[in-house]
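Single-structure report; data block below.
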Amino acid sequence: MNSKQSSILTIMLFAAVAVFAGETSPGGGQSYPGRVKYEKVIGGLQFPEGPAWDGQKGVLYFSDCYGGAIYRVGFEKVHIFVSATSEPFNFEKTNGLAVSPDGDLYACEFSIGAILRIRPDGKCEVHCAGYQGKKFNRPNDLTFDQAGNLYFSDPHKYTKKYPNGIVYRIDKKTREATPVAEGLGFPNGLVFSPDGKVLYVAESSFQRVLKFTVKPDGSLSERSVFIELPGGDPDGMDVDRQGNLYVAHFGGGAIHVFSPEGKAVDILKTPGKKPSNIEFAGPDLRTLYVTEDETKAVYRTKVETPGLRRTFTPEQKP
C-alpha cells in the first residue's frame, strides 16, 4: 500500500461520527436500546463481507470482495492483511472468512472456485480445489463445527425455479469435500447453534433461513424452514450465547434477531439498506461488527448479550 493509499485509509479509519439506526420492533427483546449507535470502522470499500473474529490474537478480518484484499482490524488500526497481488499465491476475490481452531484464516474464493487457507504470515494456499474433479461454483460463506470440520455454502444462480446450490463439508483430516445439502436456492450465510446440533443456512433466493439437524457423522437431516424474511435476502448470520440467531437482511436494512424457537426478538436497523454479514468480537464478545454494502463500510456497535465463544474438541487442527 503506497503513501497515498495509507493517507486515505487513515482518514476513513474509525470515523468519529455516530450513526444512529431507527427504533427496534416490539419483539420483547431487552438486549438493545430503541436506537442503535454505530461507529464506522472504515469506509471507501467496494463490497465488504465475511467478518471473522480471531479470539486468540484479538483481531478481526474481513473481505473486500471486489477490492482484491482481506483487511485486519486490531488495536484500533485497520490495514490490508493480504491482497490479490500477494505472493506466492495470487488469489482474486474472497467472500466469507473463518478462523480455524489452529488460528489460520480460511476464505471462500469465488473467482477461482476454491477454499483457501491463509497462514498468519499471509501465505495463501488452496485448501480444497473442488469436488469430483470440478471447481466449486461460487463459495460464499463458511464455518467450523466443534470438531474442526469446515462447512461452506456454494450457490449457483439466484433463482427459485432451478435451485441448485449446495452446502459442502470438508473433512479436517482428508480435506475432501462432501455435499451435505443440495437443491438450495442460493445458499448464503451459515452458522451452527451453540450445541452444534443445528446448522442454520440462509436460502437467499427464497428469502428464508433453513434449519438442519446435524448427525453424529457430520451429515445433515430434517431440513425445515426456520423463519421467512421477505423484503430482502437473508445473508450472513451469527448466534449469541443464548442461542439467538442474528441475520443480516441484505436489502432490508436491518439485523433481525430470532430466538432458538424462531420467535422474532429484535430488529436492529443498520446505517444502510444492504448489511451483508455480522460477527461478534472483542474480549467479551459484546461488540457486533457489521459489513454494509450500500454505504461501502464496516461498522460496529456494543451489545449486552455476548456472542458465542467457540470451543473445539481435542486434535483440533484441520
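Labeling convention for the C-alpha cells: chains A, B, ... as they appear, residues from 1 per chain, ligands from 1 in order of appearance.
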
**Item:** All strand (DSSP E or B) positions in segment 165-307 of chain A, as a ChimeraX atom specification
**Value:** /A:165-170,177-184,187-192,198-203,208-214,220-228,233-240,245-250,254-258,264-269,275-281,287-292,297-302,307

Apply DSSP to the backbone of this structure and, from segment 7-218 of chain A, keep only the residues in alpha helix (DSSP H); write these as a compact mmCIF listing (two decimals) with C-alpha atoms, in the first residue's frame.
```txt
# COMPACT_ATOMS: atom_id res chain seq x y z
CA SER A 7 -3.40 8.55 3.98
CA ILE A 8 -6.83 7.81 2.58
CA LEU A 9 -7.15 4.79 4.85
CA THR A 10 -6.20 6.86 7.88
CA ILE A 11 -8.88 9.43 7.08
CA MET A 12 -11.56 6.78 6.67
```

**Message:** Can you tell me which residues surround Ser224 of chain A at a distance of at most 12 Å, considering only C-alpha atoms, apart from same-chain residues fewer than 2 positions away, and format the answer as a PyMOL selection string?
**Reply:** chain A and resi 181+198-203+208-213+220-222+226-228+262

Determine, counting only C-alpha atoms, which protein, DNA and RNA residues have an atom within 7 Å of an atom of Gly44 of chain A; residues of the same chain fewer than 2 positions away are not included. Present the result as a short mmCIF file (atom, residue, chain, number, x, y, z; two decimals) with N, CA and C atoms, in the first residue's frame.
```
data_model
loop_
_atom_site.label_atom_id
_atom_site.label_comp_id
_atom_site.auth_asym_id
_atom_site.auth_seq_id
_atom_site.Cartn_x
_atom_site.Cartn_y
_atom_site.Cartn_z
N GLN A 46 -15.21 -1.51 -1.57
CA GLN A 46 -16.00 -1.84 -2.76
C GLN A 46 -17.15 -2.78 -2.44
N LYS A 296 -20.80 1.01 1.71
CA LYS A 296 -19.45 0.51 1.43
C LYS A 296 -18.52 0.69 2.63
N ALA A 297 -19.02 0.25 3.78
CA ALA A 297 -18.28 0.48 5.02
C ALA A 297 -18.45 -0.68 5.99
#
```

Would you tabulate, counting only C-alpha atoms, all residues of segment 158-199 of chain A that have an atom at most 10 Å from an atom of segment 239-256 of chain A, showing the closest pair of atoms and their distance in Å to one decimal, sorted by chain then ascending number, as a tab-separated table?
```
residue	atom	partner	partner_atom	distance
A:Gly189	CA	A:Val247	CA	8.6
A:Leu190	CA	A:Val247	CA	9.8
A:Val191	CA	A:Val239	CA	7.4
A:Phe192	CA	A:Val239	CA	7.8
A:Ser193	CA	A:Gly243	CA	6.3
A:Pro194	CA	A:Gly243	CA	6.0
A:Asp195	CA	A:Gly243	CA	8.8
```

Same residues, N, CA and C atoms, saved as a compact mmCIF listing (two decimals), in the first residue's frame:
```txt
# COMPACT_ATOMS: atom_id res chain seq x y z
N GLY A 189 -25.27 -17.28 4.01
CA GLY A 189 -24.67 -17.41 5.32
C GLY A 189 -25.05 -18.71 6.01
N LEU A 190 -24.17 -19.19 6.89
CA LEU A 190 -24.47 -20.40 7.66
C LEU A 190 -23.75 -20.33 9.00
N VAL A 191 -24.39 -20.92 10.02
CA VAL A 191 -23.83 -20.89 11.36
C VAL A 191 -24.44 -22.02 12.18
N PHE A 192 -23.66 -22.56 13.11
CA PHE A 192 -24.14 -23.62 14.00
C PHE A 192 -24.78 -23.03 15.25
N SER A 193 -25.71 -23.78 15.81
CA SER A 193 -26.27 -23.45 17.12
C SER A 193 -25.17 -23.66 18.17
N PRO A 194 -25.34 -23.10 19.37
CA PRO A 194 -24.30 -23.24 20.40
C PRO A 194 -23.90 -24.68 20.71
N ASP A 195 -24.84 -25.61 20.67
CA ASP A 195 -24.50 -27.00 20.97
C ASP A 195 -24.03 -27.77 19.75
```

**Request:** Identify, on the basis of only C-alpha atoms, every residue whose closest approach to Gln207 of chain A does not exceed 8 Å; exclude the query and any residue fewer than 3 positions from it along the same chain; express the result as a list in words.
**Result:** Ala202, Glu203, Ser204, Glu228, Leu229, Pro230, Gly231, Gly232, Asp233 and Pro234 of chain A

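Distance check against Arg119 of chain A using only C-alpha atoms: of A:Ala69, A:Val82, A:Val298, A:Val257, the minimum falls on A:Val82.
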
**Message:** When you look at Lys157 of chain A with a cut-off of 7 Å (counting only C-alpha atoms), what residues show up, excluding the ones that are within fewer than 2 positions of it in the same chain? I need them as a ChimeraX atom specification.
**Reply:** /A:155,159,186

Would you export the selected residues with N, CA and C atoms as an mmCIF file, in the first residue's frame, please?
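Generated output (out-v9.cif):
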```cif
data_model
loop_
_atom_site.group_PDB
_atom_site.id
_atom_site.type_symbol
_atom_site.label_atom_id
_atom_site.label_comp_id
_atom_site.auth_asym_id
_atom_site.auth_seq_id
_atom_site.Cartn_x
_atom_site.Cartn_y
_atom_site.Cartn_z
ATOM 1 N N PRO A 155 -23.416 -21.372 -3.691
ATOM 2 C CA PRO A 155 -24.586 -21.072 -4.524
ATOM 3 C C PRO A 155 -24.251 -21.104 -6.008
ATOM 4 N N THR A 159 -32.127 -18.115 -8.234
ATOM 5 C CA THR A 159 -33.389 -18.493 -8.860
ATOM 6 C C THR A 159 -34.204 -19.376 -7.931
ATOM 7 N N PHE A 186 -29.767 -20.489 -3.780
ATOM 8 C CA PHE A 186 -28.696 -19.571 -3.416
ATOM 9 C C PHE A 186 -28.400 -19.620 -1.915
#
```

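As for atom CA of Ala107 of chain A and atom CA of Thr291 of chain A, they are spaced 16.0 Å apart.
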
Could you name the residues that touch segment 116-118 of chain A at 6 Å or less, counting only C-alpha atoms, but leaving out those on the same chain fewer than 5 positions away, as a PDB file with N, CA and C atoms, in the first residue's frame?
```
ATOM      1  N   ASP A 104      -5.376 -20.405  11.762  1.00  0.00           N
ATOM      2  CA  ASP A 104      -5.267 -19.998  10.367  1.00  0.00           C
ATOM      3  C   ASP A 104      -6.594 -19.427   9.888  1.00  0.00           C
ATOM      4  N   LEU A 105      -6.520 -18.599   8.856  1.00  0.00           N
ATOM      5  CA  LEU A 105      -7.714 -17.989   8.285  1.00  0.00           C
ATOM      6  C   LEU A 105      -8.115 -18.749   7.028  1.00  0.00           C
ATOM      7  N   TYR A 106      -9.395 -19.098   6.932  1.00  0.00           N
ATOM      8  CA  TYR A 106      -9.916 -19.785   5.751  1.00  0.00           C
ATOM      9  C   TYR A 106     -10.845 -18.838   5.004  1.00  0.00           C
ATOM     10  N   ALA A 107     -10.820 -18.927   3.672  1.00  0.00           N
ATOM     11  CA  ALA A 107     -11.562 -17.980   2.855  1.00  0.00           C
ATOM     12  C   ALA A 107     -12.275 -18.665   1.711  1.00  0.00           C
ATOM     13  N   LYS A 123       0.758 -16.093   3.939  1.00  0.00           N
ATOM     14  CA  LYS A 123       0.933 -17.053   2.864  1.00  0.00           C
ATOM     15  C   LYS A 123      -0.386 -17.762   2.565  1.00  0.00           C
ATOM     16  N   CYS A 124      -0.806 -17.745   1.288  1.00  0.00           N
ATOM     17  CA  CYS A 124      -2.077 -18.347   0.883  1.00  0.00           C
ATOM     18  C   CYS A 124      -1.836 -19.668   0.159  1.00  0.00           C
ATOM     19  N   GLU A 125      -2.730 -20.614   0.365  1.00  0.00           N
ATOM     20  CA  GLU A 125      -2.680 -21.866  -0.381  1.00  0.00           C
ATOM     21  C   GLU A 125      -4.109 -22.361  -0.600  1.00  0.00           C
ATOM     22  N   VAL A 126      -4.282 -23.179  -1.609  1.00  0.00           N
ATOM     23  CA  VAL A 126      -5.590 -23.769  -1.861  1.00  0.00           C
ATOM     24  C   VAL A 126      -5.780 -24.937  -0.905  1.00  0.00           C
ATOM     25  N   HIS A 127      -6.794 -24.858  -0.068  1.00  0.00           N
ATOM     26  CA  HIS A 127      -7.084 -25.923   0.887  1.00  0.00           C
ATOM     27  C   HIS A 127      -7.928 -27.019   0.235  1.00  0.00           C
TER      28      HIS A 127
END
```

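Of the residues listed (A:Asp54, A:Asp102, A:Glu76, A:Asp121), A:Asp54 shows the shortest atom-to-atom separation from Arg309 of chain A; distances use only C-alpha atoms.
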
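Distance check against Asp238 of chain A using only C-alpha atoms: of A:Val59, A:Ile112, A:Ala52, A:Val73, the minimum falls on A:Ala52.
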
**Fill in**
Counting only C-alpha atoms, closest pick from A:Gly103, A:Gly218, A:Pro271, A:Gly113 relative to Tyr38 of chain A is A:Pro271

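For the atom pair formed by atom CA of Val303 of chain A and atom CA of Leu288 of chain A, the distance is 6.8 Å, given to one decimal.
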
**Between atom CA of Lys172 of chain A and atom CA of Val99 of chain A, distance in Å (one decimal)** = 13.6 Å

**Request:** Return the single residue from A:Lys274, A:Lys57, A:Lys134, A:Lys37 that is closest to Thr287 of chain A, with distances computed using only C-alpha atoms.
**Result:** A:Lys37
